[in-house]
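Written out below as structure tokens is the structure these notes cover.
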Protein chains: 2
Amino acid sequence: MKYEAVTIKDIAKALGLSTSTVSRALRDSYEISPETKKLVLEYSDKIHYRPNPIALSLKEKRSRSIGIIVCEIANSFFSQIINGIESIAYDKGYNVIIAQSHESYDREVINVQYLASRSIDGLLVSVSSETQDLEHLRNLHERGFPIVFFDRIVEEMDTHKVIVDNFKGAYDATVHLIQSGYQNIAALAGSEYLSITKERLGGYRKALEDHGMPFQESAIQYCLHGGMLYNEVEHALDELLKQPNKPDAIIASADKLTTNCLRYFKKLSIKVPDDIALIGFSNLDLTDLLSPSLSVVRQPAFEIGEIATELLIAQIESKRPIQEFEKRTLPPELIIRESTSK
Amino acid sequence: MKYEAVTIKDIAKALGLSTSTVSRALRDSYEISPETKKLVLEYSDKIHYRPNPIALSLKEKRSRSIGIIVCEIANSFFSQIINGIESIAYDKGYNVIIAQSHESYDREVINVQYLASRSIDGLLVSVSSETQDLEHLRNLHERGFPIVFFDRIVEEMDTHKVIVDNFKGAYDATVHLIQSGYQNIAALAGSEYLSITKERLGGYRKALEDHGMPFQESAIQYCLHGGMLYNEVEHALDELLKQPNKPDAIIASADKLTTNCLRYFKKLSIKVPDDIALIGFSNLDLTDLLSPSLSVVRQPAFEIGEIATELLIAQIESKRPIQEFEKRTLPPELIIRESTSK
DNA sequence: TATATTTACGCAATCGTTCCCGGCTAGCTT
DNA sequence: AAGCTAGCCGGGAACGATTGCGTAAATATA
């Protein structure tokens, strides 16, 4: 069942005018007499005429829609980012098409190709945990297709990027643990391919070194799927806890890692923070209601979305190719609660 | 900066063929010789030709995209539904455009009109808390535009609808509270305009009556914004707790109501379940980690999205107008935890 | 050999809109 | 009265792809 819309032709026929005249009347051209304009405007209003955006897109070679690729929208951090994206996009007359990679490289590639073939004007990307090969994105980028990376960026590609100061976030969190008196601080990290993982571990390491504490690789466990699977986190924590100098504090590098960590502790009746302290990167609204309430590094997700979208739309609407790409770094926020208080 | 894509004309020109021949070769028409096909296929592959979906949409009068309107994507229940929608939509070659009402009637109207003007083929709607007037949707529906309602439906419109058995969900939860020995069970409800609120309160009331317990209007507090604002919940709970027969248990009718309720109790140092029990409708992943772990009515969100999308796409692709609209009702799941154990 | 049929391709219309390029009719100037 | 200029409007091409129809050449049939 097709839904038949009113077109400019219907108006032209009904009023005995040409389509060009109707089109011009609707766009308030100086070439059309006030009487004709009035006639056209009133009639088109009466029959609820709406210009067909598809036809416009075909003519203008732009669709006024942008694509977003994230791992999961059912993740507070990303849904907050999407809110930021949406707020700017709708303001500027763009709509957004969202695709999820579910942390799978294959699905990311499929989604990129799908979106690119759907004539979107630009792409906002946060890569999946598995992504190493970047051909699917480089291909588009080299042909001048606007791409802006956010959060999980790709250093090798020269585009706009919007991130949080992950180094500082992890550094501050680690320093907080050290100053609270914890001695063996382990790190529960996401995929080692991700920029955010590297940056956060960098901050963690530097904080230890700055405070004369030993850094050891064995105190880091990676989760390829970023904590999406409970088993993955369970295995990582099993590994950490069976080490000779058992950790008395853990810094978790992502939302799902943090919550699954808590789930693990609850299951094994490990008391937080008495047996072990926990701080994590998280944008959940209810970390304050957890048991114990959780110390977190919170990221300005909404702003990330806003800025990334502004950069993307500016690039889309720019007359000439962008020469200088920006990298915006936003500050994280450290929120201290019960889970790290001795 | 426009991104210039390869068209069928480029191929035709390069190979000295007509566009019709190229088009037919790409679609593997019997009218084209094997040699020509090979030539066209190889060349179009080489230059990464992708058909322009905008041009196709214009010809076929369909865009292969569907719109979604929900109040918030940063809400587990809705993001899970969107996952279900997406899984079916992408399978069938549709993409989804998401819009959020943020529980505002005005934004809902704007979004509906915006999406309708973007030539989507159909709409999946869960109305906002404020929505009473339905002209914006009825308008489209009367012109044969496919609309499927889910969760927060509209009884007055004859379309496909997908819901959860809210009556049963609330009934079972209330019976559980009664059987656990609670005497004064209050209800913290969402907007009284919403179908789900009416259904859930119906179940709550019936459960009380079936067990010979008095039902009183004063034991119900409505939150127009569905708990989005903490103040709203705070006010509602203040009202409930200052009643002569103070409630010893509360059933909350939505995710945000439930969590803000918990936040209120924590703030006022009210012990759950010792001072007051709490059960709520919620699809959060971490209700098990809350303090105390939360008894909930959980809804099959992913399935709601799947079914709604299947119904919508079937209607879009149906040759003739749908005569009989379906109303699918899915069962909720009652999960008992600490917050309701005496 | 003359006609019929098949093969393989091109032409042009179509979708809805914009916009360049004209054209016609007043009214004005010289 | 002839020419000129606004003012106002229509014709038609274009965007990219599909498709009904026409047709030349090649092959098959009588």
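Chain labels A, B, ... are given in the sequence in which chains occur in the structure tokens; within each chain residues are numbered consecutively from 1, and ligands are likewise numbered from 1 in the order shown.
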Once chain B is fitted onto chain A by least squares over all its in-order Cα atoms, send the moved chain as an mmCIF file with C-alpha atoms, in the first residue's frame.
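Once written, result05.cif looks like this:
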data_model
loop_
_atom_site.group_PDB
_atom_site.id
_atom_site.type_symbol
_atom_site.label_atom_id
_atom_site.label_comp_id
_atom_site.auth_asym_id
_atom_site.auth_seq_id
_atom_site.Cartn_x
_atom_site.Cartn_y
_atom_site.Cartn_z
ATOM 1 C CA MET B 1 0.122 0.013 -0.043
ATOM 2 C CA LYS B 2 1.737 3.196 -1.126
ATOM 3 C CA TYR B 3 0.980 6.433 0.475
ATOM 4 C CA GLU B 4 0.371 8.966 -2.290
ATOM 5 C CA ALA B 5 1.645 12.386 -1.442
ATOM 6 C CA VAL B 6 0.625 15.702 -2.952
ATOM 7 C CA THR B 7 3.103 17.046 -5.500
ATOM 8 C CA ILE B 8 3.758 20.364 -7.087
ATOM 9 C CA LYS B 9 2.172 19.034 -10.243
ATOM 10 C CA ASP B 10 -1.141 18.517 -8.519
ATOM 11 C CA ILE B 11 -1.122 22.123 -7.468
ATOM 12 C CA ALA B 12 -0.129 23.308 -10.927
ATOM 13 C CA LYS B 13 -2.859 21.287 -12.576
ATOM 14 C CA ALA B 14 -5.527 22.393 -10.137
ATOM 15 C CA LEU B 15 -4.696 26.063 -10.546
ATOM 16 C CA GLY B 16 -3.926 26.003 -14.271
ATOM 17 C CA LEU B 17 -0.329 27.043 -13.750
ATOM 18 C CA SER B 18 3.011 25.566 -14.658
ATOM 19 C CA THR B 19 5.099 23.697 -12.135
ATOM 20 C CA SER B 20 7.798 26.341 -12.366
ATOM 21 C CA THR B 21 5.370 29.035 -11.363
ATOM 22 C CA VAL B 22 4.133 27.007 -8.453
ATOM 23 C CA SER B 23 7.660 26.237 -7.340
ATOM 24 C CA ARG B 24 8.631 29.879 -7.514
ATOM 25 C CA ALA B 25 5.487 30.997 -5.762
ATOM 26 C CA LEU B 26 6.210 28.602 -2.911
ATOM 27 C CA ARG B 27 9.731 29.930 -2.627
ATOM 28 C CA ASP B 28 8.416 33.469 -2.686
ATOM 29 C CA SER B 29 10.244 34.489 -5.853
ATOM 30 C CA TYR B 30 10.050 38.111 -6.982
ATOM 31 C CA GLU B 31 9.085 36.916 -10.432
ATOM 32 C CA ILE B 32 5.648 35.876 -9.285
ATOM 33 C CA SER B 33 2.752 38.281 -8.796
ATOM 34 C CA PRO B 34 1.312 38.670 -5.326
ATOM 35 C CA GLU B 35 -2.060 37.355 -6.460
ATOM 36 C CA THR B 36 -0.595 34.166 -7.887
ATOM 37 C CA LYS B 37 1.488 33.657 -4.783
ATOM 38 C CA LYS B 38 -1.535 34.005 -2.568
ATOM 39 C CA LEU B 39 -3.478 31.558 -4.701
ATOM 40 C CA VAL B 40 -0.706 28.965 -4.650
ATOM 41 C CA LEU B 41 0.077 29.359 -0.973
ATOM 42 C CA GLU B 42 -3.518 29.033 0.083
ATOM 43 C CA TYR B 43 -4.179 26.024 -2.074
ATOM 44 C CA SER B 44 -1.006 24.196 -1.119
ATOM 45 C CA ASP B 45 -1.793 24.853 2.484
ATOM 46 C CA LYS B 46 -5.272 23.514 2.048
ATOM 47 C CA ILE B 47 -4.164 20.221 0.558
ATOM 48 C CA HIS B 48 -1.235 19.900 2.997
ATOM 49 C CA TYR B 49 1.498 20.085 0.422
ATOM 50 C CA ARG B 50 4.971 19.103 1.607
ATOM 51 C CA PRO B 51 7.963 19.162 -0.709
ATOM 52 C CA ASN B 52 9.380 15.742 -1.429
ATOM 53 C CA PRO B 53 12.802 15.617 0.200
ATOM 54 C CA ILE B 54 13.845 12.711 -1.979
ATOM 55 C CA ALA B 55 13.414 14.788 -5.108
ATOM 56 C CA LEU B 56 15.343 17.610 -3.497
ATOM 57 C CA SER B 57 18.112 15.282 -2.436
ATOM 58 C CA LEU B 58 18.431 14.004 -5.959
ATOM 59 C CA LYS B 59 18.783 17.490 -7.340
ATOM 60 C CA GLU B 60 20.998 18.870 -4.643
ATOM 61 C CA LYS B 61 23.110 15.740 -4.307
ATOM 62 C CA ARG B 62 22.758 15.735 -0.567
ATOM 63 C CA SER B 63 20.316 13.979 1.697
ATOM 64 C CA ARG B 64 20.562 16.072 4.831
ATOM 65 C CA SER B 65 21.061 12.993 6.907
ATOM 66 C CA ILE B 66 24.089 11.758 8.780
ATOM 67 C CA GLY B 67 25.024 8.290 9.909
ATOM 68 C CA ILE B 68 26.154 7.222 13.362
ATOM 69 C CA ILE B 69 28.019 4.049 14.142
ATOM 70 C CA VAL B 70 28.377 2.996 17.751
ATOM 71 C CA CYS B 71 28.753 -0.354 19.423
ATOM 72 C CA GLU B 72 25.513 -0.239 21.437
ATOM 73 C CA ILE B 73 22.790 2.300 21.943
ATOM 74 C CA ALA B 74 21.669 0.444 25.055
ATOM 75 C CA ASN B 75 24.696 1.904 26.782
ATOM 76 C CA SER B 76 24.229 5.098 28.726
ATOM 77 C CA PHE B 77 27.421 6.642 27.482
ATOM 78 C CA PHE B 78 26.486 6.221 23.837
ATOM 79 C CA SER B 79 22.836 7.046 24.212
ATOM 80 C CA GLN B 80 23.844 10.288 25.905
ATOM 81 C CA ILE B 81 26.216 11.005 23.027
ATOM 82 C CA ILE B 82 23.413 10.307 20.580
ATOM 83 C CA ASN B 83 21.244 12.783 22.448
ATOM 84 C CA GLY B 84 23.934 15.377 21.919
ATOM 85 C CA ILE B 85 24.250 14.477 18.256
ATOM 86 C CA GLU B 86 20.526 14.613 17.756
ATOM 87 C CA SER B 87 20.138 17.989 19.416
ATOM 88 C CA ILE B 88 22.544 19.636 16.995
ATOM 89 C CA ALA B 89 21.511 17.648 13.941
ATOM 90 C CA TYR B 90 17.820 18.437 14.246
ATOM 91 C CA ASP B 91 18.614 22.086 14.849
ATOM 92 C CA LYS B 92 20.448 22.208 11.571
ATOM 93 C CA GLY B 93 17.832 20.252 9.664
ATOM 94 C CA TYR B 94 19.632 16.948 9.478
ATOM 95 C CA ASN B 95 18.320 13.632 10.577
ATOM 96 C CA VAL B 96 20.375 10.856 11.970
ATOM 97 C CA ILE B 97 20.532 7.216 11.039
ATOM 98 C CA ILE B 98 21.929 5.016 13.756
ATOM 99 C CA ALA B 99 23.704 1.717 13.268
ATOM 100 C CA GLN B 100 25.173 -0.570 15.903
ATOM 101 C CA SER B 101 28.263 -2.704 15.541
ATOM 102 C CA HIS B 102 27.638 -4.709 18.720
ATOM 103 C CA GLU B 103 31.445 -4.697 19.028
ATOM 104 C CA SER B 104 31.796 -6.777 15.879
ATOM 105 C CA TYR B 105 34.201 -5.747 13.136
ATOM 106 C CA ASP B 106 32.162 -7.494 10.485
ATOM 107 C CA ARG B 107 28.968 -5.717 11.450
ATOM 108 C CA GLU B 108 30.833 -2.442 11.504
ATOM 109 C CA VAL B 109 32.006 -2.952 7.929
ATOM 110 C CA ILE B 110 28.535 -3.939 6.786
ATOM 111 C CA ASN B 111 27.015 -0.929 8.496
ATOM 112 C CA VAL B 112 29.526 1.497 7.031
ATOM 113 C CA GLN B 113 28.883 0.206 3.552
ATOM 114 C CA TYR B 114 25.172 0.179 4.087
ATOM 115 C CA LEU B 115 25.084 3.733 5.381
ATOM 116 C CA ALA B 116 27.431 4.966 2.658
ATOM 117 C CA SER B 117 25.186 3.441 0.038
ATOM 118 C CA ARG B 118 22.159 5.156 1.586
ATOM 119 C CA SER B 119 23.502 8.533 0.530
ATOM 120 C CA ILE B 120 24.213 9.998 3.882
ATOM 121 C CA ASP B 121 26.155 13.246 3.841
ATOM 122 C CA GLY B 122 28.595 12.308 6.587
ATOM 123 C CA LEU B 123 29.443 9.765 9.238
ATOM 124 C CA LEU B 124 30.060 9.879 12.980
ATOM 125 C CA VAL B 125 32.046 6.857 14.071
ATOM 126 C CA SER B 126 33.156 5.221 17.264
ATOM 127 C CA VAL B 127 34.866 2.029 16.175
ATOM 128 C CA SER B 128 34.168 -1.433 17.525
ATOM 129 C CA SER B 129 36.390 -3.295 19.961
ATOM 130 C CA GLU B 130 37.514 -5.650 17.237
ATOM 131 C CA THR B 131 38.398 -3.071 14.609
ATOM 132 C CA GLN B 132 42.008 -3.085 13.414
ATOM 133 C CA ASP B 133 41.716 -2.944 9.634
ATOM 134 C CA LEU B 134 40.408 0.458 8.559
ATOM 135 C CA GLU B 135 39.996 -0.002 4.833
ATOM 136 C CA HIS B 136 36.213 0.363 4.998
ATOM 137 C CA LEU B 137 36.591 3.853 6.438
ATOM 138 C CA ARG B 138 39.761 4.918 4.644
ATOM 139 C CA ASN B 139 38.092 4.181 1.349
ATOM 140 C CA LEU B 140 35.352 6.697 1.983
ATOM 141 C CA HIS B 141 37.629 9.215 3.591
ATOM 142 C CA GLU B 142 40.013 9.281 0.640
ATOM 143 C CA ARG B 143 37.162 10.060 -1.682
ATOM 144 C CA GLY B 144 36.403 13.145 0.366
ATOM 145 C CA PHE B 145 33.557 11.711 2.388
ATOM 146 C CA PRO B 146 33.174 13.569 5.712
ATOM 147 C CA ILE B 147 33.896 11.378 8.732
ATOM 148 C CA VAL B 148 34.271 12.471 12.343
ATOM 149 C CA PHE B 149 35.520 10.079 14.998
ATOM 150 C CA PHE B 150 34.468 10.324 18.601
ATOM 151 C CA ASP B 151 35.499 8.515 21.770
ATOM 152 C CA ARG B 152 37.092 5.490 20.137
ATOM 153 C CA ILE B 153 39.133 7.212 17.495
ATOM 154 C CA VAL B 154 41.640 6.115 14.899
ATOM 155 C CA GLU B 155 44.971 7.917 15.028
ATOM 156 C CA GLU B 156 46.049 6.847 11.554
ATOM 157 C CA MET B 157 43.298 8.768 9.769
ATOM 158 C CA ASP B 158 43.393 12.500 9.320
ATOM 159 C CA THR B 159 39.884 13.650 10.263
ATOM 160 C CA HIS B 160 38.134 15.601 12.992
ATOM 161 C CA LYS B 161 38.212 13.794 16.313
ATOM 162 C CA VAL B 162 36.412 14.365 19.594
ATOM 163 C CA ILE B 163 37.573 12.580 22.693
ATOM 164 C CA VAL B 164 37.767 12.754 26.430
ATOM 165 C CA ASP B 165 41.090 13.165 28.154
ATOM 166 C CA ASN B 166 41.269 9.489 28.955
ATOM 167 C CA PHE B 167 44.825 9.720 30.162
ATOM 168 C CA LYS B 168 43.855 12.285 32.760
ATOM 169 C CA GLY B 169 40.707 10.389 33.719
ATOM 170 C CA ALA B 170 42.661 7.244 34.483
ATOM 171 C CA TYR B 171 45.545 9.163 36.017
ATOM 172 C CA ASP B 172 43.303 11.003 38.443
ATOM 173 C CA ALA B 173 41.391 7.870 39.341
ATOM 174 C CA THR B 174 44.599 5.963 39.999
ATOM 175 C CA VAL B 175 46.056 8.794 42.062
ATOM 176 C CA HIS B 176 42.859 8.823 44.079
ATOM 177 C CA LEU B 177 43.264 5.115 44.786
ATOM 178 C CA ILE B 178 46.917 5.566 45.734
ATOM 179 C CA GLN B 179 46.128 8.453 48.033
ATOM 180 C CA SER B 180 43.355 6.419 49.622
ATOM 181 C CA GLY B 181 46.034 3.936 50.631
ATOM 182 C CA TYR B 182 45.590 1.129 48.139
ATOM 183 C CA GLN B 183 48.789 -0.731 47.342
ATOM 184 C CA ASN B 184 48.060 -3.178 44.580
ATOM 185 C CA ILE B 185 45.994 -1.505 41.923
ATOM 186 C CA ALA B 186 44.948 -3.661 39.007
ATOM 187 C CA ALA B 187 43.394 -2.527 35.759
ATOM 188 C CA LEU B 188 40.467 -4.149 34.018
ATOM 189 C CA ALA B 189 40.735 -2.897 30.469
ATOM 190 C CA GLY B 190 38.733 -3.162 27.280
ATOM 191 C CA SER B 191 40.043 -4.242 23.921
ATOM 192 C CA GLU B 192 43.730 -3.492 23.477
ATOM 193 C CA TYR B 193 43.054 -2.302 19.926
ATOM 194 C CA LEU B 194 41.057 0.677 21.116
ATOM 195 C CA SER B 195 42.525 4.147 21.465
ATOM 196 C CA ILE B 196 40.683 4.667 24.735
ATOM 197 C CA THR B 197 42.207 1.543 26.247
ATOM 198 C CA LYS B 198 45.729 2.651 25.396
ATOM 199 C CA GLU B 199 45.162 6.162 26.693
ATOM 200 C CA ARG B 200 43.577 5.010 29.924
ATOM 201 C CA LEU B 201 46.252 2.461 30.625
ATOM 202 C CA GLY B 202 48.814 5.172 29.907
ATOM 203 C CA GLY B 203 47.302 7.355 32.610
ATOM 204 C CA TYR B 204 47.136 4.441 35.005
ATOM 205 C CA ARG B 205 50.776 3.576 34.430
ATOM 206 C CA LYS B 206 52.003 7.142 34.741
ATOM 207 C CA ALA B 207 50.156 7.616 38.020
ATOM 208 C CA LEU B 208 51.795 4.524 39.472
ATOM 209 C CA GLU B 209 55.218 5.602 38.303
ATOM 210 C CA ASP B 210 54.795 9.155 39.559
ATOM 211 C CA HIS B 211 54.077 7.736 42.990
ATOM 212 C CA GLY B 212 56.923 5.268 43.033
ATOM 213 C CA MET B 213 54.708 2.243 42.712
ATOM 214 C CA PRO B 214 55.652 -0.729 40.572
ATOM 215 C CA PHE B 215 53.873 -1.156 37.280
ATOM 216 C CA GLN B 216 53.418 -4.717 36.134
ATOM 217 C CA GLU B 217 51.826 -6.054 32.991
ATOM 218 C CA SER B 218 50.283 -8.880 34.977
ATOM 219 C CA ALA B 219 48.099 -6.358 36.806
ATOM 220 C CA ILE B 220 46.287 -5.616 33.558
ATOM 221 C CA GLN B 221 43.590 -7.814 32.071
ATOM 222 C CA TYR B 222 42.040 -7.075 28.679
ATOM 223 C CA CYS B 223 38.491 -7.851 27.635
ATOM 224 C CA LEU B 224 38.175 -7.934 23.869
ATOM 225 C CA HIS B 225 34.444 -7.378 23.943
ATOM 226 C CA GLY B 226 34.638 -4.523 26.390
ATOM 227 C CA GLY B 227 32.734 -6.350 29.095
ATOM 228 C CA MET B 228 29.730 -7.115 26.918
ATOM 229 C CA LEU B 229 30.010 -10.747 27.944
ATOM 230 C CA TYR B 230 29.950 -11.546 31.646
ATOM 231 C CA ASN B 231 32.160 -14.585 31.137
ATOM 232 C CA GLU B 232 34.891 -12.443 29.732
ATOM 233 C CA VAL B 233 34.946 -10.263 32.823
ATOM 234 C CA GLU B 234 34.692 -13.267 35.093
ATOM 235 C CA HIS B 235 37.723 -14.825 33.487
ATOM 236 C CA ALA B 236 39.706 -11.591 33.672
ATOM 237 C CA LEU B 237 38.927 -11.141 37.366
ATOM 238 C CA ASP B 238 39.726 -14.767 38.121
ATOM 239 C CA GLU B 239 43.143 -14.136 36.611
ATOM 240 C CA LEU B 240 43.708 -10.950 38.565
ATOM 241 C CA LEU B 241 42.639 -12.385 41.903
ATOM 242 C CA LYS B 242 44.801 -15.460 41.739
ATOM 243 C CA GLN B 243 47.994 -13.432 41.384
ATOM 244 C CA PRO B 244 50.595 -13.595 44.176
ATOM 245 C CA ASN B 245 50.139 -9.967 45.180
ATOM 246 C CA LYS B 246 46.410 -9.906 44.982
ATOM 247 C CA PRO B 247 44.995 -6.491 44.034
ATOM 248 C CA ASP B 248 43.258 -4.440 46.711
ATOM 249 C CA ALA B 249 41.798 -2.047 44.165
ATOM 250 C CA ILE B 250 40.623 -2.203 40.581
ATOM 251 C CA ILE B 251 40.180 0.468 37.985
ATOM 252 C CA ALA B 252 37.732 -0.574 35.272
ATOM 253 C CA SER B 253 37.915 0.994 31.883
ATOM 254 C CA ALA B 254 34.295 0.940 30.704
ATOM 255 C CA ASP B 255 30.696 0.890 31.838
ATOM 256 C CA LYS B 256 30.046 -2.776 31.259
ATOM 257 C CA LEU B 257 33.372 -3.728 32.762
ATOM 258 C CA THR B 258 32.540 -1.798 35.884
ATOM 259 C CA THR B 259 29.076 -3.217 36.368
ATOM 260 C CA ASN B 260 30.071 -6.768 35.539
ATOM 261 C CA CYS B 261 32.921 -6.400 37.961
ATOM 262 C CA LEU B 262 30.433 -5.490 40.658
ATOM 263 C CA ARG B 263 28.267 -8.423 39.641
ATOM 264 C CA TYR B 264 31.256 -10.738 40.011
ATOM 265 C CA PHE B 265 32.062 -9.408 43.468
ATOM 266 C CA LYS B 266 28.475 -9.784 44.541
ATOM 267 C CA LYS B 267 28.372 -13.345 43.262
ATOM 268 C CA LEU B 268 31.552 -14.276 45.133
ATOM 269 C CA SER B 269 30.535 -12.255 48.211
ATOM 270 C CA ILE B 270 33.611 -10.089 47.907
ATOM 271 C CA LYS B 271 33.002 -6.890 49.871
ATOM 272 C CA VAL B 272 33.569 -3.548 48.172
ATOM 273 C CA PRO B 273 35.517 -1.575 49.266
ATOM 274 C CA ASP B 274 36.560 -3.637 52.318
ATOM 275 C CA ASP B 275 37.964 -6.601 50.394
ATOM 276 C CA ILE B 276 38.703 -4.685 47.216
ATOM 277 C CA ALA B 277 38.071 -1.158 45.995
ATOM 278 C CA LEU B 278 36.529 -0.348 42.622
ATOM 279 C CA ILE B 279 36.485 2.693 40.445
ATOM 280 C CA GLY B 280 35.354 2.679 36.863
ATOM 281 C CA PHE B 281 34.656 4.725 33.805
ATOM 282 C CA SER B 282 30.871 4.993 33.725
ATOM 283 C CA ASN B 283 28.086 7.247 32.575
ATOM 284 C CA LEU B 284 25.253 5.357 34.181
ATOM 285 C CA ASP B 285 22.674 7.461 35.953
ATOM 286 C CA LEU B 286 22.441 5.195 38.906
ATOM 287 C CA THR B 287 25.947 4.511 40.007
ATOM 288 C CA ASP B 288 24.941 6.434 43.130
ATOM 289 C CA LEU B 289 22.302 3.810 43.908
ATOM 290 C CA LEU B 290 24.502 0.785 43.525
ATOM 291 C CA SER B 291 25.698 -1.203 46.458
ATOM 292 C CA PRO B 292 28.121 0.247 47.379
ATOM 293 C CA SER B 293 27.715 3.544 45.589
ATOM 294 C CA LEU B 294 30.309 3.658 42.895
ATOM 295 C CA SER B 295 33.248 5.994 42.429
ATOM 296 C CA VAL B 296 33.441 6.776 38.747
ATOM 297 C CA VAL B 297 35.165 8.706 36.015
ATOM 298 C CA ARG B 298 32.307 10.347 34.207
ATOM 299 C CA GLN B 299 32.598 11.641 30.655
ATOM 300 C CA PRO B 300 30.789 14.623 29.143
ATOM 301 C CA ALA B 301 28.907 12.431 26.701
ATOM 302 C CA PHE B 302 26.284 14.915 25.563
ATOM 303 C CA GLU B 303 28.964 17.482 24.735
ATOM 304 C CA ILE B 304 30.988 14.922 22.811
ATOM 305 C CA GLY B 305 27.968 14.330 20.612
ATOM 306 C CA GLU B 306 27.305 18.027 20.176
ATOM 307 C CA ILE B 307 30.851 18.924 19.202
ATOM 308 C CA ALA B 308 31.317 15.968 16.882
ATOM 309 C CA THR B 309 28.121 16.873 15.078
ATOM 310 C CA GLU B 310 29.030 20.520 14.762
ATOM 311 C CA LEU B 311 32.374 19.581 13.256
ATOM 312 C CA LEU B 312 30.786 17.109 10.885
ATOM 313 C CA ILE B 313 28.086 19.456 9.639
ATOM 314 C CA ALA B 314 30.600 22.261 9.228
ATOM 315 C CA GLN B 315 32.664 19.962 7.056
ATOM 316 C CA ILE B 316 29.647 18.821 5.053
ATOM 317 C CA GLU B 317 28.594 22.380 4.390
ATOM 318 C CA SER B 318 32.076 23.720 3.743
ATOM 319 C CA LYS B 319 32.652 24.895 0.192
ATOM 320 C CA ARG B 320 36.187 23.651 -0.086
ATOM 321 C CA PRO B 321 37.974 20.602 1.330
ATOM 322 C CA ILE B 322 39.045 20.866 4.931
ATOM 323 C CA GLN B 323 42.812 21.210 5.254
ATOM 324 C CA GLU B 324 43.256 21.353 8.995
ATOM 325 C CA PHE B 325 41.460 18.777 11.071
ATOM 326 C CA GLU B 326 40.737 19.398 14.716
ATOM 327 C CA LYS B 327 41.139 17.113 17.687
ATOM 328 C CA ARG B 328 38.999 18.257 20.586
ATOM 329 C CA THR B 329 39.705 16.868 24.010
ATOM 330 C CA LEU B 330 37.152 17.270 26.790
ATOM 331 C CA PRO B 331 37.834 16.909 30.507
ATOM 332 C CA PRO B 332 36.459 13.913 32.409
ATOM 333 C CA GLU B 333 34.985 14.254 35.868
ATOM 334 C CA LEU B 334 36.088 12.237 38.882
ATOM 335 C CA ILE B 335 33.267 11.387 41.272
ATOM 336 C CA ILE B 336 34.307 9.848 44.572
ATOM 337 C CA ARG B 337 31.836 7.628 46.406
ATOM 338 C CA GLU B 338 31.816 4.627 48.716
ATOM 339 C CA SER B 339 33.445 2.022 46.513
ATOM 340 C CA THR B 340 36.898 3.524 46.985
ATOM 341 C CA SER B 341 36.751 4.747 50.572
ATOM 342 C CA LYS B 342 38.872 2.844 53.032
#
Expected answer as a ChimeraX atom specification: strand (DSSP E or B) residues in segment 124-303 of chain B: /B:124-125,147-150,160-164,185-189,220-222,249-252,277-281,290,295-298
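A straight line drawn from atom C1' of DG22 of chain D to atom C1' of DG10 of chain C is 8.9 Å long.
Any residue of chain C with an atom no more than 10 Å from chain B counts as a contact; using only C-alpha atoms (C1' of nucleotides), that gives DT7, DA8, DC9, DG10, DC11, DT14, DC15 and DG16 of chain C.
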Let's have the selection written as an mmCIF file, in the first residue's frame, with C-alpha atoms (C1' of nucleotides).
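Written output follows (out-v3.cif):
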data_model
loop_
_atom_site.group_PDB
_atom_site.id
_atom_site.type_symbol
_atom_site.label_atom_id
_atom_site.label_comp_id
_atom_site.auth_asym_id
_atom_site.auth_seq_id
_atom_site.Cartn_x
_atom_site.Cartn_y
_atom_site.Cartn_z
ATOM 1 C "C1'" DT C 7 19.204 -11.265 -30.115
ATOM 2 C "C1'" DA C 8 21.030 -7.187 -28.237
ATOM 3 C "C1'" DC C 9 20.911 -2.830 -27.746
ATOM 4 C "C1'" DG C 10 19.234 2.453 -27.733
ATOM 5 C "C1'" DC C 11 15.583 6.021 -27.101
ATOM 6 C "C1'" DT C 14 9.111 8.651 -15.572
ATOM 7 C "C1'" DC C 15 9.566 9.977 -10.463
ATOM 8 C "C1'" DG C 16 9.294 15.562 -7.975
#
Once DSSP has gone over the backbone, tell me which residues of segment 264-323 of chain A are in alpha helix (DSSP H), as a list in words. Tyr264, Phe265, Lys266, Lys267, Ala301, Phe302, Glu303, Ile304, Gly305, Glu306, Ile307, Ala308, Thr309, Glu310, Leu311, Leu312, Ile313, Ala314, Gln315, Ile316 and Glu317 of chain A
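The smallest atom-to-atom distance between chain B and any of D:DA24, D:DA2, D:DA17, D:DC9, using only C-alpha atoms (C1' of nucleotides), is found for D:DA17.
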Can you write out as JSON lines which residues of chain D fall within 8 Å of chain A, alongside each residue's closest atom pair and its distance in Å to one decimal, counting only C-alpha atoms (C1' of nucleotides) and ordering rows by chain and ascending residue number?
{"residue": "D:DG7", "atom": "C1'", "partner": "A:Glu31", "partner_atom": "CA", "distance": 7.4}
{"residue": "D:DC8", "atom": "C1'", "partner": "A:Ile32", "partner_atom": "CA", "distance": 6.1}
{"residue": "D:DC9", "atom": "C1'", "partner": "A:Thr21", "partner_atom": "CA", "distance": 6.7}
{"residue": "D:DG10", "atom": "C1'", "partner": "A:Ser18", "partner_atom": "CA", "distance": 6.2}
{"residue": "D:DA14", "atom": "C1'", "partner": "A:Lys59", "partner_atom": "CA", "distance": 7.9}
{"residue": "D:DC15", "atom": "C1'", "partner": "A:Lys59", "partner_atom": "CA", "distance": 4.4}
{"residue": "D:DG16", "atom": "C1'", "partner": "A:Leu58", "partner_atom": "CA", "distance": 7.6}
